[in-house]
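K.L.:
So here's start11.pdb, just PDB, N, CA, C and O atoms:
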```pdb
ATOM      1  N   MET U   1     -19.890  12.735  -1.946
ATOM      2  CA  MET U   1     -19.222  11.459  -2.099
ATOM      3  C   MET U   1     -18.279  11.264  -0.910
ATOM      4  O   MET U   1     -17.510  12.143  -0.570
ATOM      5  N   SER U   2     -18.367  10.103  -0.300
ATOM      6  CA  SER U   2     -17.515   9.826   0.855
ATOM      7  C   SER U   2     -16.080   9.588   0.396
ATOM      8  O   SER U   2     -15.834   9.259  -0.767
ATOM      9  N   PRO U   3     -15.117   9.755   1.316
ATOM     10  CA  PRO U   3     -13.717   9.495   0.940
ATOM     11  C   PRO U   3     -13.503   8.071   0.443
ATOM     12  O   PRO U   3     -12.719   7.839  -0.470
ATOM     13  N   ARG U   4     -14.209   7.122   1.022
ATOM     14  CA  ARG U   4     -14.073   5.713   0.602
ATOM     15  C   ARG U   4     -14.554   5.546  -0.845
ATOM     16  O   ARG U   4     -13.926   4.863  -1.641
ATOM     17  N   ASP U   5     -15.685   6.187  -1.186
ATOM     18  CA  ASP U   5     -16.194   6.106  -2.558
ATOM     19  C   ASP U   5     -15.237   6.772  -3.529
ATOM     20  O   ASP U   5     -15.039   6.295  -4.651
ATOM     21  N   ALA U   6     -14.656   7.893  -3.122
ATOM     22  CA  ALA U   6     -13.701   8.586  -3.981
ATOM     23  C   ALA U   6     -12.472   7.721  -4.227
ATOM     24  O   ALA U   6     -11.969   7.640  -5.353
ATOM     25  N   LEU U   7     -11.990   7.054  -3.176
ATOM     26  CA  LEU U   7     -10.833   6.168  -3.320
ATOM     27  C   LEU U   7     -11.170   5.005  -4.237
ATOM     28  O   LEU U   7     -10.380   4.645  -5.108
ATOM     29  N   ASP U   8     -12.350   4.414  -4.060
ATOM     30  CA  ASP U   8     -12.755   3.306  -4.924
ATOM     31  C   ASP U   8     -12.824   3.733  -6.382
ATOM     32  O   ASP U   8     -12.436   2.989  -7.276
ATOM     33  N   ALA U   9     -13.301   4.950  -6.633
ATOM     34  CA  ALA U   9     -13.383   5.449  -8.008
ATOM     35  C   ALA U   9     -11.989   5.600  -8.614
ATOM     36  O   ALA U   9     -11.771   5.246  -9.775
ATOM     37  N   VAL U  10     -11.050   6.101  -7.833
ATOM     38  CA  VAL U  10      -9.676   6.255  -8.317
ATOM     39  C   VAL U  10      -9.049   4.895  -8.565
ATOM     40  O   VAL U  10      -8.407   4.658  -9.589
ATOM     41  N   LEU U  11      -9.240   3.959  -7.640
ATOM     42  CA  LEU U  11      -8.646   2.630  -7.777
ATOM     43  C   LEU U  11      -9.223   1.866  -8.963
ATOM     44  O   LEU U  11      -8.531   1.060  -9.580
ATOM     45  N   ASP U  12     -10.505   2.104  -9.279
ATOM     46  CA  ASP U  12     -11.106   1.430 -10.429
ATOM     47  C   ASP U  12     -10.414   1.815 -11.727
ATOM     48  O   ASP U  12     -10.377   1.034 -12.677
ATOM     49  N   ASP U  13      -9.878   3.023 -11.786
ATOM     50  CA  ASP U  13      -9.205   3.493 -12.991
ATOM     51  C   ASP U  13      -7.761   3.012 -13.085
ATOM     52  O   ASP U  13      -7.124   3.171 -14.128
ATOM     53  N   LEU U  14      -7.232   2.442 -12.024
ATOM     54  CA  LEU U  14      -5.830   2.031 -11.988
ATOM     55  C   LEU U  14      -5.662   0.585 -12.432
ATOM     56  O   LEU U  14      -6.620  -0.172 -12.529
ATOM     57  N   GLN U  15      -4.418   0.213 -12.640
ATOM     58  CA  GLN U  15      -4.077  -1.156 -13.009
ATOM     59  C   GLN U  15      -4.342  -2.079 -11.824
ATOM     60  O   GLN U  15      -4.594  -1.634 -10.712
ATOM     61  N   ASP U  16      -4.229  -3.381 -12.074
ATOM     62  CA  ASP U  16      -4.433  -4.354 -11.005
ATOM     63  C   ASP U  16      -3.328  -4.314  -9.967
ATOM     64  O   ASP U  16      -3.549  -4.648  -8.815
ATOM     65  N   SER U  17      -2.118  -3.925 -10.372
ATOM     66  CA  SER U  17      -1.031  -3.780  -9.406
ATOM     67  C   SER U  17      -0.328  -2.451  -9.647
ATOM     68  O   SER U  17      -0.250  -1.976 -10.780
ATOM     69  N   LEU U  18       0.166  -1.876  -8.572
ATOM     70  CA  LEU U  18       0.779  -0.556  -8.607
ATOM     71  C   LEU U  18       2.214  -0.632  -8.124
ATOM     72  O   LEU U  18       2.567  -1.501  -7.330
ATOM     73  N   THR U  19       3.028   0.309  -8.565
ATOM     74  CA  THR U  19       4.392   0.394  -8.068
ATOM     75  C   THR U  19       4.382   1.172  -6.756
ATOM     76  O   THR U  19       3.399   1.840  -6.412
ATOM     77  N   VAL U  20       5.480   1.100  -6.034
ATOM     78  CA  VAL U  20       5.581   1.816  -4.757
ATOM     79  C   VAL U  20       5.407   3.320  -4.949
ATOM     80  O   VAL U  20       4.641   3.943  -4.203
ATOM     81  N   PRO U  21       6.049   3.956  -5.937
ATOM     82  CA  PRO U  21       5.829   5.398  -6.114
ATOM     83  C   PRO U  21       4.366   5.749  -6.431
ATOM     84  O   PRO U  21       3.861   6.781  -5.985
ATOM     85  N   GLN U  22       3.673   4.883  -7.177
ATOM     86  CA  GLN U  22       2.266   5.137  -7.475
ATOM     87  C   GLN U  22       1.422   5.081  -6.213
ATOM     88  O   GLN U  22       0.539   5.915  -6.000
ATOM     89  N   VAL U  23       1.673   4.084  -5.369
ATOM     90  CA  VAL U  23       0.933   3.965  -4.111
ATOM     91  C   VAL U  23       1.217   5.166  -3.212
ATOM     92  O   VAL U  23       0.313   5.735  -2.611
ATOM     93  N   ALA U  24       2.484   5.559  -3.143
ATOM     94  CA  ALA U  24       2.862   6.700  -2.311
ATOM     95  C   ALA U  24       2.137   7.963  -2.768
ATOM     96  O   ALA U  24       1.613   8.726  -1.939
ATOM     97  N   ALA U  25       2.089   8.199  -4.069
ATOM     98  CA  ALA U  25       1.394   9.379  -4.592
ATOM     99  C   ALA U  25      -0.103   9.293  -4.336
ATOM    100  O   ALA U  25      -0.743  10.301  -4.011
ATOM    101  N   LEU U  26      -0.655   8.102  -4.442
ATOM    102  CA  LEU U  26      -2.089   7.908  -4.246
ATOM    103  C   LEU U  26      -2.516   8.214  -2.823
ATOM    104  O   LEU U  26      -3.540   8.869  -2.593
ATOM    105  N   ILE U  27      -1.735   7.757  -1.847
ATOM    106  CA  ILE U  27      -2.142   7.964  -0.454
ATOM    107  C   ILE U  27      -1.448   9.149   0.197
ATOM    108  O   ILE U  27      -1.706   9.450   1.355
ATOM    109  N   GLY U  28      -0.570   9.831  -0.548
ATOM    110  CA  GLY U  28       0.024  11.069  -0.057
ATOM    111  C   GLY U  28       1.123  10.902   0.974
ATOM    112  O   GLY U  28       1.202  11.677   1.923
ATOM    113  N   VAL U  29       1.961   9.895   0.786
ATOM    114  CA  VAL U  29       3.099   9.688   1.685
ATOM    115  C   VAL U  29       4.367   9.547   0.850
ATOM    116  O   VAL U  29       4.314   9.428  -0.376
ATOM    117  N   HIS U  30       5.508   9.550   1.503
ATOM    118  CA  HIS U  30       6.791   9.365   0.834
ATOM    119  C   HIS U  30       6.945   7.885   0.464
ATOM    120  O   HIS U  30       6.482   7.008   1.201
ATOM    121  N   PRO U  31       7.582   7.587  -0.676
ATOM    122  CA  PRO U  31       7.784   6.181  -1.046
ATOM    123  C   PRO U  31       8.485   5.357   0.036
ATOM    124  O   PRO U  31       8.203   4.160   0.182
ATOM    125  N   ALA U  32       9.355   5.967   0.811
ATOM    126  CA  ALA U  32      10.030   5.216   1.888
ATOM    127  C   ALA U  32       9.013   4.698   2.908
ATOM    128  O   ALA U  32       9.197   3.620   3.477
ATOM    129  N   THR U  33       7.948   5.446   3.118
ATOM    130  CA  THR U  33       6.899   5.011   4.048
ATOM    131  C   THR U  33       6.224   3.752   3.518
ATOM    132  O   THR U  33       5.941   2.821   4.275
ATOM    133  N   VAL U  34       5.978   3.713   2.213
ATOM    134  CA  VAL U  34       5.360   2.532   1.606
ATOM    135  C   VAL U  34       6.312   1.347   1.682
ATOM    136  O   VAL U  34       5.906   0.229   2.014
ATOM    137  N   TYR U  35       7.602   1.579   1.392
ATOM    138  CA  TYR U  35       8.577   0.489   1.497
ATOM    139  C   TYR U  35       8.642  -0.065   2.924
ATOM    140  O   TYR U  35       8.749  -1.276   3.125
ATOM    141  N   ARG U  36       8.571   0.809   3.927
ATOM    142  CA  ARG U  36       8.568   0.337   5.322
ATOM    143  C   ARG U  36       7.330  -0.508   5.603
ATOM    144  O   ARG U  36       7.400  -1.541   6.283
ATOM    145  N   ALA U  37       6.178  -0.080   5.100
ATOM    146  CA  ALA U  37       4.946  -0.847   5.310
ATOM    147  C   ALA U  37       5.032  -2.206   4.615
ATOM    148  O   ALA U  37       4.547  -3.206   5.151
ATOM    149  N   VAL U  38       5.668  -2.251   3.458
ATOM    150  CA  VAL U  38       5.865  -3.526   2.767
ATOM    151  C   VAL U  38       6.805  -4.411   3.574
ATOM    152  O   VAL U  38       6.538  -5.594   3.793
ATOM    153  N   LYS U  39       7.899  -3.839   4.049
ATOM    154  CA  LYS U  39       8.902  -4.608   4.793
ATOM    155  C   LYS U  39       8.327  -5.193   6.085
ATOM    156  O   LYS U  39       8.648  -6.310   6.469
ATOM    157  N   THR U  40       7.469  -4.437   6.762
ATOM    158  CA  THR U  40       6.878  -4.909   8.015
ATOM    159  C   THR U  40       5.648  -5.784   7.808
ATOM    160  O   THR U  40       5.098  -6.302   8.764
ATOM    161  N   GLY U  41       5.220  -5.936   6.540
ATOM    162  CA  GLY U  41       4.082  -6.804   6.260
ATOM    163  C   GLY U  41       2.734  -6.122   6.374
ATOM    164  O   GLY U  41       1.699  -6.791   6.325
ATOM    165  N   ARG U  42       2.704  -4.811   6.532
ATOM    166  CA  ARG U  42       1.426  -4.106   6.634
ATOM    167  C   ARG U  42       0.754  -3.954   5.280
ATOM    168  O   ARG U  42      -0.456  -3.774   5.204
ATOM    169  N   ILE U  43       1.535  -4.040   4.192
ATOM    170  CA  ILE U  43       1.002  -4.013   2.827
ATOM    171  C   ILE U  43       1.530  -5.248   2.098
ATOM    172  O   ILE U  43       2.731  -5.496   2.090
ATOM    173  N   ARG U  44       0.619  -6.009   1.511
ATOM    174  CA  ARG U  44       1.028  -7.166   0.710
ATOM    175  C   ARG U  44       1.685  -6.683  -0.575
ATOM    176  O   ARG U  44       1.280  -5.671  -1.144
ATOM    177  N   SER U  45       2.699  -7.411  -1.036
ATOM    178  CA  SER U  45       3.380  -7.022  -2.265
ATOM    179  C   SER U  45       4.028  -8.236  -2.904
ATOM    180  O   SER U  45       4.133  -9.297  -2.290
ATOM    181  N   THR U  46       4.459  -8.034  -4.146
ATOM    182  CA  THR U  46       5.262  -9.032  -4.834
ATOM    183  C   THR U  46       6.497  -8.326  -5.369
ATOM    184  O   THR U  46       6.457  -7.133  -5.669
ATOM    185  N   SER U  47       7.586  -9.056  -5.463
ATOM    186  CA  SER U  47       8.836  -8.479  -5.961
ATOM    187  C   SER U  47       9.363  -9.327  -7.102
ATOM    188  O   SER U  47       9.274 -10.557  -7.069
ATOM    189  N   ARG U  48       9.899  -8.637  -8.100
ATOM    190  CA  ARG U  48      10.522  -9.320  -9.229
ATOM    191  C   ARG U  48      11.951  -8.827  -9.339
ATOM    192  O   ARG U  48      12.227  -7.646  -9.183
ATOM    193  N   GLY U  49      12.840  -9.737  -9.609
ATOM    194  CA  GLY U  49      14.247  -9.392  -9.756
ATOM    195  C   GLY U  49      15.033  -9.835  -8.542
ATOM    196  O   GLY U  49      14.502 -10.010  -7.455
ATOM    197  N   SER U  50      16.326 -10.008  -8.759
ATOM    198  CA  SER U  50      17.175 -10.500  -7.681
ATOM    199  C   SER U  50      17.774  -9.389  -6.848
ATOM    200  O   SER U  50      18.247  -9.611  -5.747
ATOM    201  N   GLY U  51      17.790  -8.171  -7.403
ATOM    202  CA  GLY U  51      18.417  -7.072  -6.692
ATOM    203  C   GLY U  51      19.923  -7.066  -6.822
ATOM    204  O   GLY U  51      20.597  -6.243  -6.226
ATOM    205  N   GLN U  52      20.470  -8.000  -7.606
ATOM    206  CA  GLN U  52      21.923  -8.086  -7.765
ATOM    207  C   GLN U  52      22.424  -7.080  -8.806
ATOM    208  O   GLN U  52      23.267  -6.260  -8.518
ATOM    209  N   ILE U  53      21.896  -7.183 -10.020
ATOM    210  CA  ILE U  53      22.359  -6.304 -11.095
ATOM    211  C   ILE U  53      21.451  -5.090 -11.224
ATOM    212  O   ILE U  53      21.908  -3.965 -11.309
ATOM    213  N   ARG U  54      20.170  -5.332 -11.245
ATOM    214  CA  ARG U  54      19.188  -4.258 -11.331
ATOM    215  C   ARG U  54      18.346  -4.250 -10.078
ATOM    216  O   ARG U  54      18.275  -5.226  -9.349
ATOM    217  N   ARG U  55      17.693  -3.160  -9.860
ATOM    218  CA  ARG U  55      16.860  -3.051  -8.672
ATOM    219  C   ARG U  55      15.653  -3.973  -8.784
ATOM    220  O   ARG U  55      15.157  -4.241  -9.866
ATOM    221  N   THR U  56      15.177  -4.420  -7.694
ATOM    222  CA  THR U  56      14.001  -5.269  -7.652
ATOM    223  C   THR U  56      12.761  -4.404  -7.823
ATOM    224  O   THR U  56      12.665  -3.320  -7.240
ATOM    225  N   LEU U  57      11.816  -4.874  -8.638
ATOM    226  CA  LEU U  57      10.564  -4.159  -8.836
ATOM    227  C   LEU U  57       9.542  -4.691  -7.850
ATOM    228  O   LEU U  57       9.218  -5.886  -7.862
ATOM    229  N   THR U  58       9.066  -3.838  -6.985
ATOM    230  CA  THR U  58       8.043  -4.207  -6.021
ATOM    231  C   THR U  58       6.707  -3.691  -6.519
ATOM    232  O   THR U  58       6.564  -2.510  -6.822
ATOM    233  N   THR U  59       5.730  -4.591  -6.633
ATOM    234  CA  THR U  59       4.392  -4.193  -7.036
ATOM    235  C   THR U  59       3.413  -4.538  -5.926
ATOM    236  O   THR U  59       3.609  -5.493  -5.171
ATOM    237  N   ILE U  60       2.375  -3.751  -5.840
ATOM    238  CA  ILE U  60       1.379  -3.899  -4.779
ATOM    239  C   ILE U  60       0.009  -4.042  -5.435
ATOM    240  O   ILE U  60      -0.394  -3.167  -6.213
ATOM    241  N   PRO U  61      -0.716  -5.126  -5.152
ATOM    242  CA  PRO U  61      -2.059  -5.263  -5.710
ATOM    243  C   PRO U  61      -2.965  -4.141  -5.182
ATOM    244  O   PRO U  61      -2.832  -3.723  -4.040
ATOM    245  N   ARG U  62      -3.863  -3.669  -6.026
ATOM    246  CA  ARG U  62      -4.715  -2.565  -5.564
ATOM    247  C   ARG U  62      -5.610  -2.993  -4.409
ATOM    248  O   ARG U  62      -5.963  -2.176  -3.573
ATOM    249  N   THR U  63      -5.939  -4.295  -4.320
ATOM    250  CA  THR U  63      -6.718  -4.757  -3.173
ATOM    251  C   THR U  63      -5.922  -4.604  -1.881
ATOM    252  O   THR U  63      -6.494  -4.341  -0.828
ATOM    253  N   ALA U  64      -4.592  -4.732  -1.970
ATOM    254  CA  ALA U  64      -3.756  -4.551  -0.781
ATOM    255  C   ALA U  64      -3.755  -3.097  -0.337
ATOM    256  O   ALA U  64      -3.680  -2.808   0.860
ATOM    257  N   VAL U  65      -3.847  -2.172  -1.298
ATOM    258  CA  VAL U  65      -3.916  -0.750  -0.942
ATOM    259  C   VAL U  65      -5.213  -0.470  -0.188
ATOM    260  O   VAL U  65      -5.217   0.215   0.841
ATOM    261  N   VAL U  66      -6.311  -1.034  -0.670
ATOM    262  CA  VAL U  66      -7.608  -0.847   0.003
ATOM    263  C   VAL U  66      -7.566  -1.435   1.405
ATOM    264  O   VAL U  66      -8.018  -0.809   2.368
ATOM    265  N   GLU U  67      -6.995  -2.636   1.551
ATOM    266  CA  GLU U  67      -6.882  -3.262   2.875
ATOM    267  C   GLU U  67      -6.036  -2.409   3.819
ATOM    268  O   GLU U  67      -6.372  -2.247   4.987
ATOM    269  N   PHE U  68      -4.939  -1.867   3.293
ATOM    270  CA  PHE U  68      -4.052  -1.048   4.113
ATOM    271  C   PHE U  68      -4.775   0.204   4.600
ATOM    272  O   PHE U  68      -4.667   0.582   5.760
ATOM    273  N   LEU U  69      -5.521   0.835   3.716
ATOM    274  CA  LEU U  69      -6.228   2.058   4.103
ATOM    275  C   LEU U  69      -7.415   1.773   5.012
ATOM    276  O   LEU U  69      -7.814   2.637   5.789
ATOM    277  N   ALA U  70      -7.970   0.569   4.929
ATOM    278  CA  ALA U  70      -9.118   0.225   5.755
ATOM    279  C   ALA U  70      -8.724  -0.126   7.187
ATOM    280  O   ALA U  70      -9.543  -0.005   8.101
ATOM    281  N   THR U  71      -7.473  -0.546   7.403
ATOM    282  CA  THR U  71      -7.034  -0.900   8.752
ATOM    283  C   THR U  71      -6.594   0.358   9.492
ATOM    284  O   THR U  71      -5.977   1.241   8.905
ATOM    285  N   PRO U  72      -6.905   0.443  10.771
ATOM    286  CA  PRO U  72      -6.472   1.623  11.528
ATOM    287  C   PRO U  72      -4.954   1.663  11.640
ATOM    288  O   PRO U  72      -4.304   0.633  11.801
ATOM    289  N   SER U  73      -4.385   2.866  11.528
ATOM    290  CA  SER U  73      -2.931   2.989  11.590
ATOM    291  C   SER U  73      -2.397   2.759  12.995
ATOM    292  O   SER U  73      -1.280   2.317  13.167
ATOM    293  N   ASN U  74      -3.187   3.091  13.981
ATOM    294  CA  ASN U  74      -2.793   2.861  15.366
ATOM    295  C   ASN U  74      -3.827   1.961  16.021
ATOM    296  O   ASN U  74      -4.867   2.424  16.469
ATOM    297  N   PRO U  75      -3.545   0.672  16.094
ATOM    298  CA  PRO U  75      -4.515  -0.232  16.717
ATOM    299  C   PRO U  75      -4.724   0.136  18.176
ATOM    300  O   PRO U  75      -3.819   0.668  18.829
ATOM    301  N   PRO U  76      -5.927  -0.110  18.696
ATOM    302  CA  PRO U  76      -6.200   0.255  20.080
ATOM    303  C   PRO U  76      -5.332  -0.528  21.047
ATOM    304  O   PRO U  76      -4.966  -1.667  20.785
ATOM    305  N   SER U  77      -5.013   0.107  22.140
ATOM    306  CA  SER U  77      -4.213  -0.575  23.159
ATOM    307  C   SER U  77      -5.098  -1.589  23.881
ATOM    308  O   SER U  77      -6.318  -1.496  23.851
ATOM    309  N   PRO U  78      -4.492  -2.561  24.559
ATOM    310  CA  PRO U  78      -5.290  -3.553  25.286
ATOM    311  C   PRO U  78      -6.241  -2.925  26.303
ATOM    312  O   PRO U  78      -7.340  -3.419  26.523
ATOM    313  N   SER U  79      -5.846  -1.820  26.931
ATOM    314  CA  SER U  79      -6.723  -1.188  27.912
ATOM    315  C   SER U  79      -7.956  -0.569  27.221
ATOM    316  O   SER U  79      -9.042  -0.539  27.800
ATOM    317  N   GLU U  80      -7.788  -0.089  25.977
ATOM    318  CA  GLU U  80      -8.944   0.465  25.254
ATOM    319  C   GLU U  80      -9.900  -0.627  24.804
ATOM    320  O   GLU U  80     -11.105  -0.425  24.778
ATOM    321  N   VAL U  81      -9.358  -1.798  24.470
ATOM    322  CA  VAL U  81     -10.196  -2.906  24.041
ATOM    323  C   VAL U  81     -11.014  -3.432  25.208
ATOM    324  O   VAL U  81     -12.182  -3.758  25.068
ATOM    325  N   ALA U  82     -10.405  -3.495  26.401
ATOM    326  CA  ALA U  82     -11.087  -4.032  27.584
ATOM    327  C   ALA U  82     -12.178  -3.095  28.081
ATOM    328  O   ALA U  82     -13.103  -3.524  28.741
ATOM    329  N   ALA U  83     -12.088  -1.826  27.771
ATOM    330  CA  ALA U  83     -13.047  -0.846  28.297
ATOM    331  C   ALA U  83     -14.369  -0.883  27.615
ATOM    332  O   ALA U  83     -14.807  -1.477  26.812
TER     333      ALA U  83
END
```
So that I can check it, write out the structure of this file as structure tokens.
P.N.:
Amino acid sequence: MSPRDALDAVLDDLQDSLTVPQVAALIGVHPATVYRAVKTGRIRSTSRGSGQIRRTLTTIPRTAVVEFLATPSNPPSPSEVAA
């Protein structure tokens, strides 16, 4: 089974949206890494709450996790594209 098929099998068992800690555990990174990716727009997310009294709940659609993993982490430089 390819890694992509294994990931799809795991994602099929999950809810439609995941919390940041769930995504971090799924892809094997620290939750701060996921929050940075959300902040920079590399992962689509939705947030509930104002952040004033209670913390804001950030959820990530599972399709956004697949998109994030499908995109290369280091895009090619312009010189590599021209070659």
K.L.:
Take atom CA of Thr33 of chain U and atom CA of Asp5 of chain U and report the distance between them in Å, one decimal.
P.N.:
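These two atoms are separated by 24.0 Å.
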K.L.:
Could you work out how far atom O of Pro61 of chain U lies from atom O of Asp16 of chain U, giving the answer in Å with one decimal?
P.N.:
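It comes out at 4.9 Å.
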K.L.:
Using Å and a single decimal, report how far atom CA of Leu26 of chain U sits from atom N of Leu57 of chain U.
P.N.:
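Distance reported for this atom pair: 19.4 Å.
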K.L.:
Can you tell me which residues surround Ser45 of chain U at a distance of at most 10 Å, considering only C-alpha atoms, apart from same-chain residues fewer than 4 positions away, and format the answer as a list in words?
P.N.:
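Listing them by chain and then by number gives Ser17, Leu18, Thr19, Val20, Tyr35, Ala37, Val38, Lys39, Gly41, Thr58, Thr59, Ile60, Pro61, Arg62, Ala64 and Val65 of chain U.
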K.L.:
Using DSSP on the backbone coordinates, identify all residues within segment 12-73 of chain U classified as strand (DSSP E); present the result as a compact mmCIF listing (two decimals) with N, CA, C and O atoms, keeping the file's coordinate frame.
P.N.:
```txt
# COMPACT_ATOMS: atom_id res chain seq x y z
N SER U 17 -2.12 -3.92 -10.37
CA SER U 17 -1.03 -3.78 -9.41
C SER U 17 -0.33 -2.45 -9.65
O SER U 17 -0.25 -1.98 -10.78
N LEU U 18 0.17 -1.88 -8.57
CA LEU U 18 0.78 -0.56 -8.61
C LEU U 18 2.21 -0.63 -8.12
O LEU U 18 2.57 -1.50 -7.33
N THR U 19 3.03 0.31 -8.56
CA THR U 19 4.39 0.39 -8.07
C THR U 19 4.38 1.17 -6.76
O THR U 19 3.40 1.84 -6.41
N THR U 46 4.46 -8.03 -4.15
CA THR U 46 5.26 -9.03 -4.83
C THR U 46 6.50 -8.33 -5.37
O THR U 46 6.46 -7.13 -5.67
N SER U 47 7.59 -9.06 -5.46
CA SER U 47 8.84 -8.48 -5.96
C SER U 47 9.36 -9.33 -7.10
O SER U 47 9.27 -10.56 -7.07
N ARG U 48 9.90 -8.64 -8.10
CA ARG U 48 10.52 -9.32 -9.23
C ARG U 48 11.95 -8.83 -9.34
O ARG U 48 12.23 -7.65 -9.18
N LEU U 57 11.82 -4.87 -8.64
CA LEU U 57 10.56 -4.16 -8.84
C LEU U 57 9.54 -4.69 -7.85
O LEU U 57 9.22 -5.89 -7.86
N THR U 58 9.07 -3.84 -6.98
CA THR U 58 8.04 -4.21 -6.02
C THR U 58 6.71 -3.69 -6.52
O THR U 58 6.56 -2.51 -6.82
N THR U 59 5.73 -4.59 -6.63
CA THR U 59 4.39 -4.19 -7.04
C THR U 59 3.41 -4.54 -5.93
O THR U 59 3.61 -5.49 -5.17
N ILE U 60 2.38 -3.75 -5.84
CA ILE U 60 1.38 -3.90 -4.78
C ILE U 60 0.01 -4.04 -5.44
O ILE U 60 -0.39 -3.17 -6.21
N PRO U 61 -0.72 -5.13 -5.15
CA PRO U 61 -2.06 -5.26 -5.71
C PRO U 61 -2.96 -4.14 -5.18
O PRO U 61 -2.83 -3.72 -4.04
```
